[in-house]
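Novice: Quick one: the structure is below, questions incoming.
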Amino acid sequence: MNLSKSRFIKGMQCQKLLWLLAHKKDALSPPSKEQVQIFSIGNEVGELACALFPNGTRIHFNDGISHNAKRTKELLDSGVGVIYEATFIYQGIVVMVDILQSTAQGLIINEVKSSTSLKEVYIYDLSVQHYVITHCGYSVKGANLIHLNTSYKRGESLELTELFTIVPCLESVQEFVPKIPAILQEFASTLDGQDEPSIDIGLHCDDPYSCEAKAYCWEAQRGIKGEDSVFHLTRLNGDKKLELYRQGVVRFSDIKNLDTLSHNQRLQIECFANKSVHTQKDKITEFLQGLRYPIYHLDFETFQLAVPQFVGTSAYEQIPFQFSLHIQHKDGKLEHKEFLAKSGIDPRAELIKTLLDSIPPNACILAYNASFERGVIERLAASFPQYEKELLHIASQIEDLMTPFAARHYYHYKQNGSHSIKLVLPALVPQMESAYKELNLVHNGEEAMECFAALESMPKNEQEKYRQALLAYCKLDTRAMVEIIKALEKLVG
C-alpha cells in the first residue's frame with residue numbers, strides 16, 4: 001500500500017475519497033483559489049517555524065522519497081540534532097516530519113500548522129508519523145503541534161517564541177496509535193476493491209476539510225443542486241438538512257408538511273414555487289424613515305496576514321486597506337470618496353485620517369452587514385487611542401442596510417434564501433444583475449483580499465491595473481447600496 005501522510009488524513013475523513021484518489025482521479029475537483037492560498041500560507045508559516053529550531057539540516061523533496069528516507073537515516077546516525085522534512089517509510093507508508101529533533105532520550109516530532117488552535121485531525125497527523133517512525137526502529141519521546149498564537153501582538157520585531165504556541169500532544173498520540181493497524185487494514189481493503197465504495201454524503205464532506213469529491217458525490221451522483229435543493233434552505237443546520245435528505249426529501253416539492261419549518265423557510269419555499277416577491281411596505285417605510293439625508297454609504301475591504309507584519313497586529317487580524325464612501329443627497333446628487341492604501345506598509349493610520357476627514361460628526365452612515373464595518377472601526381479605535389473618541393462616534397452612527405432583508409421585510413425568490421448584497425442587488429435592481437460579473441479582475445471580497453496582499457510582489461504595470469480593479473470593486477459595493485435605497489423608496493412610494 002502506497003500511502004502518504006496526507007492520504008492517511010483523507011482516508012480518515014472518507015474512505016471513498018481515498019479510493020477515488022487511487023482509482024478515479026477525474027472525479028475530483030481541482031483545488032480552489034482559496035485552498036491554494038491556504039497551502040501557500042501553510043508553507044510560509046512552516047518555513048518561519050523552522051527558525052524556532054535553528055541550524056537544522058533540510059531534506060529536499062525533489063530528491064525523491066527513497067533517497068530522502070536514506071538521507072534522513074544517515075543524518076540521524078551521524079548525530080544531527082534537527083532535521084527539516086525528515087522522511088520515513090514503513091510498509092509503503094511515507095511520512096515527512098516538518099521539524100524533527102533528535103535527542104539522547106529519543107526523537108521529537110514537531111508538526112507545524114498555520115491554524116490558531118489544536119484540532120482532532122492534527123492528532124491523526126502526528127499519530128501516523130509516530131507509528132511509522134517507531135516501526136523504523138526509533139524511540140519517540142515527544143510529539144508537538146506548533147500553531148499560531150492570536151493573542152500575540154507584534155512589536156517592532158517579530159518574536160517567534162511568542163508568535164507560535166507549542167502544544168505537547170504525545171499522550172493523545174499514544175492513545176490513538178494502537179488504532180492505526182486496524183485503520184490501515186480497512187484502507188487496504190478499500191483500495192483493493194474494484195468497485196467504488198458506497199458511502200453516503202454527510203457532515204464528513206466538509207469536516208475537517210472541504211472534500212474535493214463533493215461536486216462528484218453531491219451533484220453528479222445524487223443531483224443535489226439547483227435553487228430548490230433543501231440544502232439551500234435558510235437557517236437550517238447541516239444535521240437537519242441531512243435528516244431531510246435521508247428521508248428522501250431533496251427538493252422543496254418533496255416537503256409535505258411546511259408547518260415544521262420556520263416563517264423564513266416557508267417564505268423561501270412559497271416565493272420559489274410562485275416565482276414571487278414578498279414585501280412588507282410598512283416595515284420598509286419604518287426603516288427608511290429612520291435614515292437622514294445625506295446618507296453616507298460606507299464599505300471597507302480588509303486583508304489578513306498569518307504572520308503579522310505591522311506593529312500592534314496579530315495573526316489573521318483583519319486589517320482595513322480600503323474604503324469606499326458614496327454620499328447620497330435627498331435631491332439625488334451623489335458624491336464619491338475613496339481610499340486605497342499603498343502596498344507593503346501599515347495602511348491603518350492613513351486610512352483613519354482619510355475616513356475622519358470624509359465623514360462629518362453626526363452623519364447618517366449606512367453599511368451592509370454593519371457589524372463588519374463597526375468591528376473594523378472598533379479595532380482601529382483600540383489600536384490608535386489618539387483617534388478613539390472620533391472613531392467610536394462614527395461606529396455608533398452606523399445603521400445596517402441589511403436589516404429589512406435579513407428580517408424578510410423584502411424577499412425575492414431569486415435570493416435563494418440569502419440576504420447577501422450580491423443576491424439582493426440583482427433581485428431588487430435588475431439593471432445591475434451583471435454588475436459584479438462585469439468587473440475586471442476583482443469580483444468579490446476574497447479576491448480583493450488576495451489581490452491587495454499580492455500587490456507588492458507584482459510588476460509596476462500590473463500593480464496599477466489591479467489597484468484600479470480594487471477601486472472599481474469597492475466603489476460598486478457602495479453604489480449598490482445607493483441603488484438599493486432608491487429601489488426601496490420607489491417600492492413604498
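To be explicit about the labels: the chains of the C-alpha cells are called A, B, and onward in the order shown, and within each one the residues are counted from 1, while ligands get numbers from 1 in the order they are shown.
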Out of range 133-325 of chain A, which residues get alpha helix (DSSP H) from DSSP, as a PDB file with C-alpha atoms, in the first residue's frame?
Specialist:
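Output below, filename part21.pdb:
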```pdb
ATOM      1  CA  ILE A 133       8.910   6.340  12.921  1.00  0.00           C
ATOM      2  CA  THR A 134       8.666   3.822  15.761  1.00  0.00           C
ATOM      3  CA  HIS A 135       8.302   0.956  13.255  1.00  0.00           C
ATOM      4  CA  LEU A 160       8.857  33.831  17.117  1.00  0.00           C
ATOM      5  CA  THR A 161       8.624  32.283  20.571  1.00  0.00           C
ATOM      6  CA  GLU A 162       5.561  34.497  21.163  1.00  0.00           C
ATOM      7  CA  LEU A 163       4.076  34.137  17.681  1.00  0.00           C
ATOM      8  CA  LEU A 170       2.308  12.807  22.952  1.00  0.00           C
ATOM      9  CA  GLU A 171      -0.302  11.465  25.363  1.00  0.00           C
ATOM     10  CA  SER A 172      -3.146  11.873  22.844  1.00  0.00           C
ATOM     11  CA  VAL A 173      -0.974  10.431  20.089  1.00  0.00           C
ATOM     12  CA  GLN A 174      -0.116   7.357  22.174  1.00  0.00           C
ATOM     13  CA  GLU A 175      -3.823   6.780  22.778  1.00  0.00           C
ATOM     14  CA  PHE A 176      -4.570   6.858  19.038  1.00  0.00           C
ATOM     15  CA  ILE A 180      -3.760   2.577  13.339  1.00  0.00           C
ATOM     16  CA  PRO A 181      -3.128  -1.085  12.310  1.00  0.00           C
ATOM     17  CA  ALA A 182      -6.877  -1.760  12.096  1.00  0.00           C
ATOM     18  CA  ILE A 183      -7.412   1.518  10.222  1.00  0.00           C
ATOM     19  CA  LEU A 184      -4.684   0.592   7.730  1.00  0.00           C
ATOM     20  CA  GLN A 185      -6.309  -2.808   7.188  1.00  0.00           C
ATOM     21  CA  GLU A 186      -9.573  -1.053   6.358  1.00  0.00           C
ATOM     22  CA  PHE A 187      -7.780   1.298   3.988  1.00  0.00           C
ATOM     23  CA  ALA A 188      -6.045  -1.612   2.241  1.00  0.00           C
ATOM     24  CA  SER A 189      -9.363  -3.441   1.826  1.00  0.00           C
ATOM     25  CA  THR A 190     -10.977  -0.290   0.411  1.00  0.00           C
ATOM     26  CA  LEU A 191      -8.123   0.379  -2.008  1.00  0.00           C
ATOM     27  CA  ASP A 192      -8.039  -3.240  -3.197  1.00  0.00           C
ATOM     28  CA  LYS A 214     -18.009  16.877  -3.109  1.00  0.00           C
ATOM     29  CA  GLY A 238     -26.374  20.694   8.363  1.00  0.00           C
ATOM     30  CA  ASP A 239     -27.733  17.920  10.580  1.00  0.00           C
ATOM     31  CA  LYS A 240     -31.336  18.903   9.834  1.00  0.00           C
ATOM     32  CA  LYS A 241     -30.701  19.171   6.094  1.00  0.00           C
ATOM     33  CA  LEU A 242     -29.119  15.721   6.050  1.00  0.00           C
ATOM     34  CA  GLU A 243     -32.022  14.347   8.093  1.00  0.00           C
ATOM     35  CA  LEU A 244     -34.434  15.571   5.400  1.00  0.00           C
ATOM     36  CA  TYR A 245     -32.208  14.138   2.658  1.00  0.00           C
ATOM     37  CA  ARG A 246     -32.156  10.705   4.343  1.00  0.00           C
ATOM     38  CA  HIS A 263     -41.560  31.503   8.814  1.00  0.00           C
ATOM     39  CA  ASN A 264     -38.494  32.403   6.743  1.00  0.00           C
ATOM     40  CA  GLN A 265     -38.135  28.859   5.417  1.00  0.00           C
ATOM     41  CA  ARG A 266     -41.802  28.710   4.425  1.00  0.00           C
ATOM     42  CA  LEU A 267     -41.474  32.120   2.796  1.00  0.00           C
ATOM     43  CA  GLN A 268     -38.472  30.954   0.769  1.00  0.00           C
ATOM     44  CA  ILE A 269     -40.318  27.855  -0.458  1.00  0.00           C
ATOM     45  CA  GLU A 270     -43.540  29.692  -1.272  1.00  0.00           C
ATOM     46  CA  CYS A 271     -41.783  32.506  -3.134  1.00  0.00           C
ATOM     47  CA  PHE A 272     -39.766  29.995  -5.144  1.00  0.00           C
ATOM     48  CA  ALA A 273     -42.853  27.938  -6.028  1.00  0.00           C
ATOM     49  CA  ASN A 274     -44.795  31.033  -7.126  1.00  0.00           C
ATOM     50  CA  LYS A 281     -44.146  48.060   2.925  1.00  0.00           C
ATOM     51  CA  ASP A 282     -44.905  49.366   6.408  1.00  0.00           C
ATOM     52  CA  LYS A 283     -41.714  47.835   7.810  1.00  0.00           C
ATOM     53  CA  ILE A 284     -39.627  49.088   4.887  1.00  0.00           C
ATOM     54  CA  THR A 285     -41.116  52.568   5.336  1.00  0.00           C
ATOM     55  CA  GLU A 286     -40.264  52.442   9.029  1.00  0.00           C
ATOM     56  CA  PHE A 287     -36.670  51.558   8.205  1.00  0.00           C
ATOM     57  CA  LEU A 288     -36.329  54.324   5.619  1.00  0.00           C
ATOM     58  CA  GLN A 289     -37.822  56.894   7.992  1.00  0.00           C
TER      59      GLN A 289
END
```
Novice: Quick one: everything within 10 Å of Ala454 in chain A, counting only C-alpha atoms, minus sequence neighbours fewer than 2 positions away in the same chain. Send it as a PyMOL selection string.
Specialist: chain A and resi 343-344+448-452+456-458+463+466
Novice: Selection from above, C-alpha atoms, as a PDB file, in the first residue's frame, can you write it?
Specialist:
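Output contents, as saved in result27.pdb:
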```
ATOM      1  CA  SER A 343       1.062  48.097  -0.530  1.00  0.00           C
ATOM      2  CA  GLY A 344       3.763  46.915   1.822  1.00  0.00           C
ATOM      3  CA  ALA A 448      -9.886  41.805  -3.122  1.00  0.00           C
ATOM      4  CA  MET A 449      -8.108  40.418  -0.056  1.00  0.00           C
ATOM      5  CA  GLU A 450      -5.843  38.155  -2.121  1.00  0.00           C
ATOM      6  CA  CYS A 451      -5.161  40.896  -4.657  1.00  0.00           C
ATOM      7  CA  PHE A 452      -4.044  43.506  -2.127  1.00  0.00           C
ATOM      8  CA  GLU A 456       3.756  44.306  -3.508  1.00  0.00           C
ATOM      9  CA  SER A 457       5.235  41.376  -5.425  1.00  0.00           C
ATOM     10  CA  MET A 458       3.667  42.412  -8.765  1.00  0.00           C
ATOM     11  CA  GLN A 463       0.083  46.820  -9.754  1.00  0.00           C
ATOM     12  CA  TYR A 466      -5.045  45.672 -10.019  1.00  0.00           C
TER      13      TYR A 466
END
```
Novice: Between CA of Leu298 in chain A and CA of Ile365 in chain A, what is the distance in Å, rounded to a tenth?
Specialist: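 Interatomic distance here is 6.8 Å.
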Novice: Can you pull out the residues contacting Tyr216 in chain A? Cut-off 12 Å, using only C-alpha atoms, and skip same-chain residues under 4 positions away; I want them as an MDAnalysis selection string.
Specialist: chainID A and resid 16:17 20 24:30 200:201 205 211:212 220:225
Novice: With distances taken over only C-alpha atoms, which residue among A:Lys389, A:Lys337, A:Lys179, A:Lys153 lies nearest Gln309 in chain A?
Specialist: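 Among A:Lys389, A:Lys337, A:Lys179, A:Lys153, it is A:Lys153 that comes nearest to Gln309 in chain A.
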Novice: May I ask for the distance between CA of Ala435 in chain A and CA of Leu476 in chain A, given in Å to one decimal place?
Specialist: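 Atom-to-atom, CA of Ala435 in chain A and CA of Leu476 in chain A are spaced 8.0 Å apart.
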Novice: Need to verify the contact set: Tyr296 in chain A, 7 Å, only C-alpha atoms, exclusion of same-chain residues closer than 6 positions in sequence. Can you return it as a ChimeraX atom specification?
Specialist: /A:325-328,364-366
Novice: May I ask which of the residues A:Ser127, A:Ser117, A:Ser78, A:Asn55 is the closest one to Ile99 in chain A, counting only C-alpha atoms?
Specialist: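 Using only C-alpha atoms, the shortest distance to Ile99 in chain A belongs to A:Asn55.
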